[in-house]
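Structure first, then comments.
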Amino acid sequence: MDSTTIIEELNLSVRALNCLKRVNINTIGDIISLLNESGVDGLSKVRNLGRKSTEEVLSVLQSYGFDSKEGVINAYFQDKDIGEPKPRENVPVLSKDVIRSNRLMNNRFLKITIDDPKYARFTRIGAGLALYVTLFNKTGGLIKVKYKNIMLFHDGRQWCADSDYTGYIFKVENIMPDSAKTLGKIWGNSDWKEKQLVNNDYIELTLEYLGKEHAFKLVYNGDKFELNDYFEYSLESVKP
């Protein structure tokens with residue numbers, strides 16, 4: 001584990017995990033940054049975390065060898081005369097598939113689908129591959145979505161889209177409840193004269209919504225693309 005490890009892999013209680021994610025603490029590094037800035041008091045002031053859950057988070061971090069620059073975790077347990085953290089019992093270790101499934105459940109605003117690949121010749125580009133990505137609003141209310149980026153990973157290579165597909169240009173859009181918008185993107189290259197998508201090729205789509213970036217991964221199974229993974233993160237956390 002390192003500072004980029006997501007907090008789902010710490011096997012925290014549901015209460016502790018939800019409290020941290022609610023304030024955009026998504027990685028071990030986010031917790032350490034909070035401890036560096038505000039100490040244990042800053043962590044304990046996370047809404048609804050409470051003393052017991054605060055100690056749980058500190059204990060888990062200490063068990064994996066993490067601490068702040070000032071050593072506030074070790075100091076905390078020494079002051080409390082708790083000693084070394086006790087191993088937690090009867091806590092299931094979540095598999096990567098379960099962790100990914102939990103991330104997918106956090107996507108509550110869009111259903112993402114991709115139509116069958118279209119191989120054709122396009123004006124100015126020549127041979128190419130076109131994909132249509134449909135964003136369906138499942139919130140029940142109006143949402144405003146900003147398109148950020150889309151990348152195709154095929155045969156071990158990253159391919160950036162060369163062009164928008166005429167009539168399917170999407171930048172910033174309001175999407176009505178139970179309605180959809182479609183992105184049409186073209187990847188042009190002489191390779192597409194003979195090559196086609198293969199199993200485990202995938203698309204990465206990034207959108208901005210409500211002050212956060214949302215990254216979707218859709219994997220091709222030889223028949224269609226299926227949503228495989230999802231991340232959301234605060235725009236503040238990606239500033240240099």
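Just remember, in the structure tokens the first chain shown is A, the second B, etc., residues are 1-based per chain, and ligands are 1-based in the order shown.
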Can you check which parts of segment 162-219 of chain A lie within 6 Å of segment 130-154 of chain A? Per residue, the shortest pair of atoms and distance in Å to one decimal, counting only C-alpha atoms, sorted by chain and number, as JSON lines.
{"residue": "A:Lys171", "atom": "CA", "partner": "A:Tyr147", "partner_atom": "CA", "distance": 4.9}
{"residue": "A:Val172", "atom": "CA", "partner": "A:Lys146", "partner_atom": "CA", "distance": 4.3}
{"residue": "A:Glu173", "atom": "CA", "partner": "A:Val145", "partner_atom": "CA", "distance": 5.5}
{"residue": "A:Asn174", "atom": "CA", "partner": "A:Lys144", "partner_atom": "CA", "distance": 4.3}
{"residue": "A:Ile175", "atom": "CA", "partner": "A:Ile143", "partner_atom": "CA", "distance": 5.4}
{"residue": "A:Met176", "atom": "CA", "partner": "A:Leu142", "partner_atom": "CA", "distance": 4.8}
{"residue": "A:Pro177", "atom": "CA", "partner": "A:Gly140", "partner_atom": "CA", "distance": 4.9}
{"residue": "A:Asp178", "atom": "CA", "partner": "A:Asn137", "partner_atom": "CA", "distance": 5.4}
{"residue": "A:Ser179", "atom": "CA", "partner": "A:Asn137", "partner_atom": "CA", "distance": 5.7}
{"residue": "A:Ala180", "atom": "CA", "partner": "A:Phe136", "partner_atom": "CA", "distance": 4.2}
{"residue": "A:Lys181", "atom": "CA", "partner": "A:Leu135", "partner_atom": "CA", "distance": 5.3}
{"residue": "A:Thr182", "atom": "CA", "partner": "A:Thr134", "partner_atom": "CA", "distance": 4.3}
{"residue": "A:Leu183", "atom": "CA", "partner": "A:Val133", "partner_atom": "CA", "distance": 5.0}
{"residue": "A:Gly184", "atom": "CA", "partner": "A:Tyr132", "partner_atom": "CA", "distance": 4.5}
{"residue": "A:Lys185", "atom": "CA", "partner": "A:Leu131", "partner_atom": "CA", "distance": 5.6}
{"residue": "A:Ile186", "atom": "CA", "partner": "A:Ala130", "partner_atom": "CA", "distance": 4.4}
{"residue": "A:Asp201", "atom": "CA", "partner": "A:His154", "partner_atom": "CA", "distance": 4.9}
{"residue": "A:Tyr202", "atom": "CA", "partner": "A:Phe153", "partner_atom": "CA", "distance": 5.3}
{"residue": "A:Ile203", "atom": "CA", "partner": "A:Leu152", "partner_atom": "CA", "distance": 4.6}
{"residue": "A:Glu204", "atom": "CA", "partner": "A:Met151", "partner_atom": "CA", "distance": 5.2}
{"residue": "A:Leu205", "atom": "CA", "partner": "A:Ile150", "partner_atom": "CA", "distance": 4.5}
{"residue": "A:Thr206", "atom": "CA", "partner": "A:Asn149", "partner_atom": "CA", "distance": 5.2}
{"residue": "A:Leu207", "atom": "CA", "partner": "A:Tyr147", "partner_atom": "CA", "distance": 4.8}
{"residue": "A:Glu208", "atom": "CA", "partner": "A:Lys146", "partner_atom": "CA", "distance": 4.9}
{"residue": "A:Tyr209", "atom": "CA", "partner": "A:Val145", "partner_atom": "CA", "distance": 5.2}
From a DSSP calculation on the backbone, collect every residue of segment 183-222 of chain A in strand (DSSP E) and output the set as number ranges by chain.
-> A: 183-188, 202-209, 212-220
Would you list the contacts of Gly128 of chain A as a PyMOL selection string, taking every protein, DNA or RNA residue within 12 Å and counting only C-alpha atoms, but skipping same-chain residues closer than 2 positions in sequence?
-> chain A and resi 117-126+130-131+159+161-163+165+185-197
Nearest candidate to Gly39 of chain A (options A:Ala75, A:Leu20, A:Val14, A:Leu210; using only C-alpha atoms) |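 Comparing A:Ala75, A:Leu20, A:Val14, A:Leu210 against Gly39 of chain A, the winner is A:Ala75.
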Identify, on the basis of only C-alpha atoms, every residue whose closest approach to segment 50-56 of chain A does not exceed 10 Å; exclude the query and any residue fewer than 4 positions from it along the same chain; express the result as a PyMOL selection string.
-> chain A and resi 12-17+19+40-41+43-46+60-62+73+76-77+85+88
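Between atom CA of Arg108 of chain A and atom CA of Arg22 of chain A the separation is 14.5 Å.
When only C-alpha atoms are used to compute distances to Phe66 of chain A, the closest of the residues A:Asn36, A:Ser3, A:Gln158, A:Thr166 turns out to be A:Ser3.
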